[in-house]
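Chemist: Structure in C-alpha cells, see below.
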Amino acid sequence: MYGWLRATQGIQSRRRKGERATSYNCTVVDSDGRRRIVSVLTSDLPVIYPVIDLPPPALLTFSPVTDMYPEMNVRLVTVQQDIADRLARLGGNWEQEIIINPTMFLAVIAKIAHSYAVAKLGIDGFTPDLRDLILLQEQRPWHYVGADPNDSGANTDTDLHKISLHVGKQGLLLARVQLFANFHMRPYSVVVGRLPSDFVLPAE
C-alpha cells in the first residue's frame, strides 16, 4: 500500500540501500483509450496512497459481537505539492491499481503494537490478546484494532513513526500506532492485552 511513498521519500524498506529501484513502470492511458507502460524515475513518481478510517476497536465501545466488518472509509491522499505537474509529465491519464486488504493491514498494525508492548514490558508483562490476529487466525480484527475519530494524527513532530502504550478501563493495555506520523497519517488504537491489577505503566 505504501511502496511508492517509501520509495519517493527514501524511507527504509526490506531492500538494502543499493538494491532500491531507481525507476518504476507506470500505466498511462492516452486520449484514444490505449494503455502504455512508461518508465518513471523514482524521484518523479506521482504518489497517491490509501488511508483507512475505522471506528474505535469494538472491545472499547462494547459493540455487539458480529462477523461483519464495520463501516469504513478509504481516503486517497498525497504528500506531494507538485503532483499535478508530475501527472502532466506522464503525457496521459495515470492509472494505478491499489490493492487494500483490511484484515492483513490490521494484522500488521497489531503486530507492531504487540512487539512494542513486549519490548517495553517484557514477554510476561501482560496477557496478550493479539496472537491469533497476528497469525491471521482471528476473523474479527476490528474488535482489537480501530481508530479514535477525535484523534486526527496532526502534529508538529518530525518522527517517522510514533507508538505509545496506555492503560484503559478494566485493565486493558492499549497502544496508539501512527505510521508515517510526519505525514499526519491516521493513528490507530489497538487493544494489546490485559494487565495485572497492580500494574504501573513505566514512563515512555
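Letters A, B, ... mark the chains of the C-alpha cells in the order given; residue numbers begin at 1 per chain; ligand numbers begin at 1, in order shown.
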Please identify every residue of segment 8-65 of chain A that has at least one atom no farther than 6 Å from an atom of segment 77-93 of chain A, counting only C-alpha atoms, and for each give the shortest atom pair and the distance in Å to one decimal, arranged by chain then increasing number, as CSV.

Modeler:
```
residue,atom,partner,partner_atom,distance
A:Val28,CA,A:Asn93,CA,5.4
A:Val29,CA,A:Asn93,CA,5.0
A:Asp30,CA,A:Gly92,CA,5.0
A:Pro46,CA,A:Arg86,CA,5.7
A:Ile48,CA,A:Thr78,CA,4.8
A:Tyr49,CA,A:Val77,CA,5.6
```

Chemist: Could you please take those selected residues and save C-alpha atoms as a PDB file, in the first residue's frame?

Modeler:
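Heads up, here's the output in selection.pdb:
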```
ATOM      1  CA  VAL A  28      -0.647   5.708 -18.800  1.00  0.00           C
ATOM      2  CA  VAL A  29      -3.933   5.886 -20.723  1.00  0.00           C
ATOM      3  CA  ASP A  30      -3.785   8.022 -23.864  1.00  0.00           C
ATOM      4  CA  PRO A  46       3.340  10.629  -8.583  1.00  0.00           C
ATOM      5  CA  ILE A  48      -1.301   8.607  -4.042  1.00  0.00           C
ATOM      6  CA  TYR A  49      -1.830   6.218  -1.156  1.00  0.00           C
TER       7      TYR A  49
END
```

Chemist: Quick one: residues within 10 Å of Asn73 of chain A, only C-alpha atoms counted, chain neighbours fewer than 6 positions away excluded, as a list in words?

Modeler: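 Final neighbour list, sorted by chain and number: Pro50, Val51, Ile52, Asp53, Leu54 and Pro55 of chain A.
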
Chemist: Convert the current residue selection to file output with C-alpha atoms, as a PDB file, in the first residue's frame.

Modeler:
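result38.pdb, freshly written:
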```pdb
ATOM      1  CA  PRO A  50      -4.842   4.968   0.818  1.00  0.00           C
ATOM      2  CA  VAL A  51      -5.753   5.821   4.402  1.00  0.00           C
ATOM      3  CA  ILE A  52      -8.290   3.535   6.085  1.00  0.00           C
ATOM      4  CA  ASP A  53     -10.682   5.184   8.553  1.00  0.00           C
ATOM      5  CA  LEU A  54     -12.303   2.853  11.079  1.00  0.00           C
ATOM      6  CA  PRO A  55     -14.404   3.252  14.231  1.00  0.00           C
TER       7      PRO A  55
END
```

Chemist: Excluding segment 99-115 of chain A and its own-chain neighbours fewer than 6 positions away, which residues fall within 9 Å of it when counting only C-alpha atoms? Please give them as an MDAnalysis selection string.

Modeler: chainID A and resid 1 50 52 128:131 133:136 139:142 144:146 163:165 174:177 179 188 190:193

Chemist: For atom CA of Cys26 of chain A and atom CA of Gln178 of chain A, quote the distance in Å rounded to one decimal.

Modeler: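 Atom CA of Cys26 of chain A sits 28.9 Å away from atom CA of Gln178 of chain A.
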
Chemist: Just to confirm, what's the straight-line distance from atom CA of Glu95 of chain A to atom CA of Asp32 of chain A in Å (one decimal)?

Modeler: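 These atoms are spaced 14.4 Å apart.
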
Chemist: Just checking: using only C-alpha atoms, which residue out of A:Asn182, A:Ser39, A:Thr27, A:Gln96 ends up closest to Asp159 of chain A?

Modeler: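 Distance minimum relative to Asp159 of chain A lands on A:Asn182.
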
Chemist: To test your reading of the structure, identify every residue in segment 48-126 of chain A that backbone DSSP assigns to alpha helix (DSSP H), and report it as number ranges by chain.

Modeler: A: 58-61, 83-88, 102-121

Chemist: If you measure from atom CA of Gly3 of chain A to atom CA of Ile37 of chain A, what distance in Å do you get, rounded to one decimal?

Modeler: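 These atoms are spaced 18.5 Å apart.
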
Chemist: Which of these residues is nearest to Pro187 of chain A, using only C-alpha atoms: A:Gly122, A:Thr61, A:Glu138, A:Pro56?

Modeler: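 With only C-alpha atoms as the atom set, the closest residue is A:Pro56.
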
Chemist: Any idea what's packed within 12 Å of Ser197 of chain A, counting only C-alpha atoms, ignoring anything in its chain fewer than 4 positions away? Could you give it as a PDB file with C-alpha atoms, in the first residue's frame?

Modeler:
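Printed below is result_34.pdb as written:
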```
ATOM      1  CA  GLY A 125       4.448  -8.339  31.431  1.00  0.00           C
ATOM      2  CA  PHE A 126       0.883  -8.663  30.161  1.00  0.00           C
ATOM      3  CA  THR A 127      -1.626 -11.225  28.910  1.00  0.00           C
ATOM      4  CA  VAL A 167      -3.800   1.787  30.356  1.00  0.00           C
ATOM      5  CA  LYS A 169     -10.549   0.633  31.567  1.00  0.00           C
ATOM      6  CA  GLN A 170     -10.769  -2.788  33.191  1.00  0.00           C
ATOM      7  CA  GLY A 171      -7.008  -3.262  32.990  1.00  0.00           C
ATOM      8  CA  LEU A 172      -6.740  -3.198  29.222  1.00  0.00           C
ATOM      9  CA  LEU A 173      -3.350  -2.491  27.704  1.00  0.00           C
ATOM     10  CA  LEU A 201       2.924   1.692  33.319  1.00  0.00           C
TER      11      LEU A 201
END
```
